[in-house]
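For reference, the structure is listed below as structure tokens.
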Amino acid sequence: MLPKLIKIGNSLENVEEELEKLSLGNKALIVHGKTQTCKIAEKIKRAMGNYKVIEAGVEKVSPQTVSTLQKVVKENNIDFCLAVGGGTSIDAAKYTAYESKKPLVVFPTAPSHDGIASPNVSLKGWMKPYSLVATPPIAVLYHLPTLANAPYELVRAGVGDALAKYTASRDLLLALDTHKCEEDASYEDLRAVAYEHFITSAKIVTKEIERFREEGWEDVSSWLGTDSYKTFVSNLFFALFSSGLGMAKINSSVGASGSEHNIAHALQCNNRKHGEKVALASIPMLYLQQSCLNEDKIFGMDWKTIREHLSCLGLPTTVKELSIKDSEMVNAVLKGLQIGKMRKRYTILDFYAEKEKLNESSVYSILKETKLI
Ligand SMILES: [Zn+2]
């Protein structure tokens, strides 16, 4: 079943009524983060007067966190999980709900990635695999006042994750065209989802960045809090939601996570946001796709333009801005190829490696050409 999108009123007045309509039972486990999202979870709990609510704050998605949460679900006869937060809370709750065979509702507090509505759980630091396919949420609660108030660094990370769909989807089409795609879904479904969900998401966000640039805001700080910014956040949210829906349809992240995600997975800088890393890696991958496939643009985008778009929103476009060494980025690209093989995802890196030598020196030149180093 695909997640339902439910609009929540400004003062959370319809949270309880909307949850009741879903008929999930009356015992809920709210999984939230340890800092900001804790306060939002508190307000939601108050708005759920008729429910018996247990709260759990999580810091990371470790096997231990998940087993602790599972225990809470079992001991308290929990009917459903409600994730309140960004990446960590959603992933922890998604995994717990999946393992406990309970439904999940998500209340995202930041539009920071496309895992909001997807069945995928990212497992940072679990060595491998890098993600697993659980079940998508039953419903996603959309509350614009909360999203528009999210820290800007989370919002811009969401932009990075949405723009990464250009390269990820091109990688998928390349795999389909060369008959190297190992997915369960049919070629027709994969192609349709790539266009309808992933490429459209990237295009929605691109349009929003163009609007930001056309409106001539001097800098991001003067733009925050304005109606223009709220529209941006809202459209970004819908783009990320749609991308997650696409993943739920094909039960895989293929087309939403390609070579750029593989490189990002290989980067050790865990203090940086997922969206920042995938966005940076998408610059050289877009360049490779353009040059190896002889295409001026990839779904209307080129590496120089994406670089400008990322930069004007304050996302890193150089290795230095990500605070890593040149050699770390070179190694991440090389490791990205291996991660792709492990994930059985054919990408532009495989295509390149079949024709040219993919080694330290060639990666160095690619990164230099695209001004990452
Ligand atoms: Zn992603």
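Residue numbering restarts at 1 for every chain of the structure tokens, chains are lettered A, B, ... in their displayed order, and ligands are numbered from 1 as they appear.
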>> Would you pick out the contacts of region 11-13 of chain A at 9 Å or less, using only C-alpha atoms, so that residues sharing its chain but fewer than 3 positions from it are not included, and give the list as a PyMOL selection string?
In response: chain A and resi 8+16-17+43-44+47+143+145
Go ahead and save the residues from that selection, with N, CA and C atoms, as a short mmCIF file (atom, residue, chain, number, x, y, z; two decimals), in the first residue's frame.
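Output below, filename out-v8.cif:
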```
data_model
loop_
_atom_site.label_atom_id
_atom_site.label_comp_id
_atom_site.auth_asym_id
_atom_site.auth_seq_id
_atom_site.Cartn_x
_atom_site.Cartn_y
_atom_site.Cartn_z
N ILE A 8 -1.85 18.59 7.96
CA ILE A 8 -2.14 18.89 9.36
C ILE A 8 -2.28 20.41 9.52
N GLU A 16 -5.31 14.24 15.91
CA GLU A 16 -6.03 13.11 16.52
C GLU A 16 -7.11 12.55 15.59
N GLU A 17 -7.90 13.46 15.04
CA GLU A 17 -8.99 13.06 14.15
C GLU A 17 -8.45 12.28 12.93
N LYS A 43 4.35 18.32 21.68
CA LYS A 43 3.11 19.00 21.23
C LYS A 43 2.17 18.01 20.55
N ILE A 44 2.75 17.11 19.76
CA ILE A 44 1.91 16.13 19.06
C ILE A 44 1.25 15.19 20.06
N ALA A 47 -1.62 16.74 21.51
CA ALA A 47 -2.75 16.80 20.57
C ALA A 47 -3.44 15.44 20.39
N HIS A 143 3.01 19.11 7.77
CA HIS A 143 2.76 20.29 8.61
C HIS A 143 3.75 21.38 8.21
N PRO A 145 4.14 24.65 8.90
CA PRO A 145 4.84 25.50 9.88
C PRO A 145 6.09 24.83 10.46
#
```
> Can I get the residues close to ligand 1 as an MDAnalysis selection string, where close means within 10 Å and we count only C-alpha atoms and all ligand atoms?
Replying inline: chainID A and resid 112:115 122 157:158 160:165 168 240 243:244 253 256:258 260:262 264:265 274:279
>> Report, in Å to a single decimal, how far apart CA of Lys368 (chain A) and CA of Leu154 (chain A) are.
In response: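 Straight-line distance from CA of Leu154 (chain A) to CA of Lys368 (chain A) works out to 27.9 Å.
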>> If we count only C-alpha atoms and set the cut-off at 6 Å, which residues sit around region 24-37 of chain A, ignoring sequence neighbours fewer than 3 positions away in its own chain? Please answer as a count of residues only.
In response: 18
> Using only C-alpha atoms, which residues sit within 12 Å of Thr231 (chain A) once same-chain residues fewer than 3 positions away are excluded, as a PyMOL selection string?
Replying inline: chain A and resi 144-145+147-148+204-205+207-209+211-212+223-228+234-238
Save the residues we just selected, N, CA, C and O atoms, as a compact mmCIF listing (two decimals), in the first residue's frame?
```txt
# COMPACT_ATOMS: atom_id res chain seq x y z
N LEU A 144 3.28 22.28 7.37
CA LEU A 144 4.19 23.29 6.81
C LEU A 144 4.86 24.19 7.85
O LEU A 144 6.06 24.46 7.73
N PRO A 145 4.14 24.65 8.90
CA PRO A 145 4.84 25.50 9.88
C PRO A 145 6.09 24.83 10.46
O PRO A 145 7.11 25.49 10.67
N LEU A 147 7.92 22.35 8.98
CA LEU A 147 8.92 22.18 7.91
C LEU A 147 9.63 23.51 7.61
O LEU A 147 10.84 23.55 7.42
N ALA A 148 8.85 24.59 7.56
CA ALA A 148 9.43 25.90 7.22
C ALA A 148 10.32 26.42 8.33
O ALA A 148 11.13 27.33 8.13
N ILE A 204 11.23 19.75 -10.24
CA ILE A 204 10.46 20.66 -9.37
C ILE A 204 11.43 21.52 -8.56
O ILE A 204 11.30 22.74 -8.48
N VAL A 205 12.44 20.87 -8.00
CA VAL A 205 13.39 21.59 -7.15
C VAL A 205 14.26 22.53 -7.99
O VAL A 205 14.57 23.65 -7.58
N LYS A 207 13.32 24.08 -10.65
CA LYS A 207 12.45 25.23 -10.94
C LYS A 207 12.41 26.18 -9.74
O LYS A 207 12.43 27.40 -9.89
N GLU A 208 12.36 25.60 -8.56
CA GLU A 208 12.34 26.41 -7.34
C GLU A 208 13.65 27.20 -7.18
O GLU A 208 13.64 28.34 -6.74
N ILE A 209 14.77 26.58 -7.53
CA ILE A 209 16.05 27.28 -7.41
C ILE A 209 16.11 28.41 -8.45
O ILE A 209 16.57 29.52 -8.17
N ARG A 211 13.61 30.03 -9.57
CA ARG A 211 12.73 31.10 -9.05
C ARG A 211 13.47 31.91 -7.99
O ARG A 211 13.45 33.15 -8.02
N PHE A 212 14.17 31.22 -7.10
CA PHE A 212 14.96 31.91 -6.06
C PHE A 212 15.96 32.87 -6.72
O PHE A 212 16.12 34.01 -6.31
N TRP A 223 16.17 35.61 2.80
CA TRP A 223 15.05 34.88 2.18
C TRP A 223 14.29 34.02 3.19
O TRP A 223 13.07 33.84 3.07
N LEU A 224 15.00 33.53 4.20
CA LEU A 224 14.39 32.63 5.19
C LEU A 224 13.19 33.30 5.87
O LEU A 224 13.23 34.48 6.17
N GLY A 225 12.14 32.55 6.07
CA GLY A 225 10.97 33.08 6.77
C GLY A 225 9.98 33.81 5.87
O GLY A 225 8.86 34.11 6.27
N THR A 226 10.38 34.14 4.63
CA THR A 226 9.47 34.86 3.72
C THR A 226 8.47 33.88 3.11
O THR A 226 8.66 32.67 3.16
N ASP A 227 7.42 34.44 2.49
CA ASP A 227 6.44 33.59 1.81
C ASP A 227 7.08 32.81 0.67
O ASP A 227 6.73 31.67 0.40
N SER A 228 8.04 33.48 -0.01
CA SER A 228 8.75 32.82 -1.11
C SER A 228 9.48 31.58 -0.60
O SER A 228 9.48 30.53 -1.24
N SER A 234 7.70 24.04 0.81
CA SER A 234 6.53 23.21 0.53
C SER A 234 6.74 22.40 -0.75
O SER A 234 6.52 21.18 -0.77
N ASN A 235 7.22 23.05 -1.80
CA ASN A 235 7.45 22.33 -3.06
C ASN A 235 8.59 21.31 -2.94
O ASN A 235 8.53 20.24 -3.54
N LEU A 236 9.59 21.66 -2.15
CA LEU A 236 10.68 20.72 -1.90
C LEU A 236 10.13 19.48 -1.20
O LEU A 236 10.45 18.34 -1.55
N PHE A 237 9.28 19.71 -0.20
CA PHE A 237 8.68 18.59 0.52
C PHE A 237 7.91 17.67 -0.42
O PHE A 237 8.06 16.45 -0.39
N PHE A 238 7.08 18.26 -1.29
CA PHE A 238 6.29 17.43 -2.20
C PHE A 238 7.18 16.67 -3.18
O PHE A 238 6.87 15.53 -3.54
```
>> If DSSP is run on the backbone, what residues of region 70-135 of chain A are strand (DSSP E or B)? A reply as a list in words would be ideal.
In response: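 Of region 70-135 of chain A, only Phe80, Cys81, Leu82, Ala83, Val84, Gly85, Leu104, Val105, Val106, Phe107, Pro108, Asn120, Val121, Ser122, Ser131, Leu132 and Val133 of chain A fall in strand (DSSP E or B).
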Can you spit out the residues from that selection as a PDB file, in the first residue's frame, using C-alpha atoms?
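That gives us part09.pdb:
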```pdb
ATOM      1  CA  PHE A  80       1.511   1.689  15.689  1.00  0.00           C
ATOM      2  CA  CYS A  81       4.710   3.729  15.540  1.00  0.00           C
ATOM      3  CA  LEU A  82       4.782   7.458  14.884  1.00  0.00           C
ATOM      4  CA  ALA A  83       8.103   8.907  13.763  1.00  0.00           C
ATOM      5  CA  VAL A  84       8.592  12.580  14.552  1.00  0.00           C
ATOM      6  CA  GLY A  85      11.813  13.955  13.137  1.00  0.00           C
ATOM      7  CA  LEU A 104       4.067   3.407  10.755  1.00  0.00           C
ATOM      8  CA  VAL A 105       3.002   7.033  10.489  1.00  0.00           C
ATOM      9  CA  VAL A 106       5.594   9.720   9.769  1.00  0.00           C
ATOM     10  CA  PHE A 107       5.539  13.347  10.873  1.00  0.00           C
ATOM     11  CA  PRO A 108       8.608  14.841   9.140  1.00  0.00           C
ATOM     12  CA  ASN A 120      14.042   2.196   2.525  1.00  0.00           C
ATOM     13  CA  VAL A 121      16.026   2.440   5.741  1.00  0.00           C
ATOM     14  CA  SER A 122      19.549   3.800   5.558  1.00  0.00           C
ATOM     15  CA  SER A 131      20.247   0.246   3.204  1.00  0.00           C
ATOM     16  CA  LEU A 132      17.438  -2.221   3.459  1.00  0.00           C
ATOM     17  CA  VAL A 133      13.935  -2.296   2.116  1.00  0.00           C
TER      18      VAL A 133
END
```
> Separation of CA of Leu288 (chain A) and CA of Ile348 (chain A), in Å?
Replying inline: 7.1 Å
> So, counting only C-alpha atoms, which residue among A:Pro63, A:Pro136, A:Pro103, A:Gly86 is closest to Leu2 (chain A)?
Replying inline: A:Pro136
>> Restricting the calculation to only C-alpha atoms: of A:Ser201, A:Asn271, A:Ser169, A:Ser327, which residue gets closest to Val254 (chain A)?
In response: A:Ser169
>> Give me, as an NGL selection string, the residues of region 179-341 of chain A that a backbone DSSP run labels helix (DSSP H, G or I).
In response: :A and (187-214 or 220-223 or 227-250 or 259-266 or 274-292 or 303-312 or 326-341)
> Of the candidates A:Met342, A:Leu293, A:Ala281, A:Leu372, which shows the shortest atom-to-atom distance to Glu321 (chain A), using only C-alpha atoms?
Replying inline: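 Closest to Glu321 (chain A) of all the choices is A:Leu372.
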>> Using Å and a single decimal, report how far CA of Lys203 (chain A) sits from CA of Val319 (chain A).
In response: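 The value is 25.4 Å.
Of the listed residues A:Ile250, A:Leu280, A:Leu267, A:Ile199, the one whose atoms come nearest to Asp184 (chain A) is A:Ile250, with distances taken using only C-alpha atoms.
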> Skipping near chain neighbours, those fewer than 6 positions away, what residues fall within 10 Å of Glu18 (chain A) using only C-alpha atoms, listed as a PyMOL selection string?
Replying inline: chain A and resi 6-8+139+141
Report as a Markdown table: every residue of region 327-347 of chain A with an atom at most 10 Å from region 175-178 of chain A, its closest pair of atoms, and their distance in Å to one decimal, counting only C-alpha atoms, with rows sorted by chain and ascending residue number.
```
| residue | atom | partner | partner_atom | distance |
| --- | --- | --- | --- | --- |
| A:Arg345 | CA | A:Ala175 | CA | 7.9 |
| A:Tyr346 | CA | A:Ala175 | CA | 5.5 |
| A:Thr347 | CA | A:Ala175 | CA | 6.7 |
```
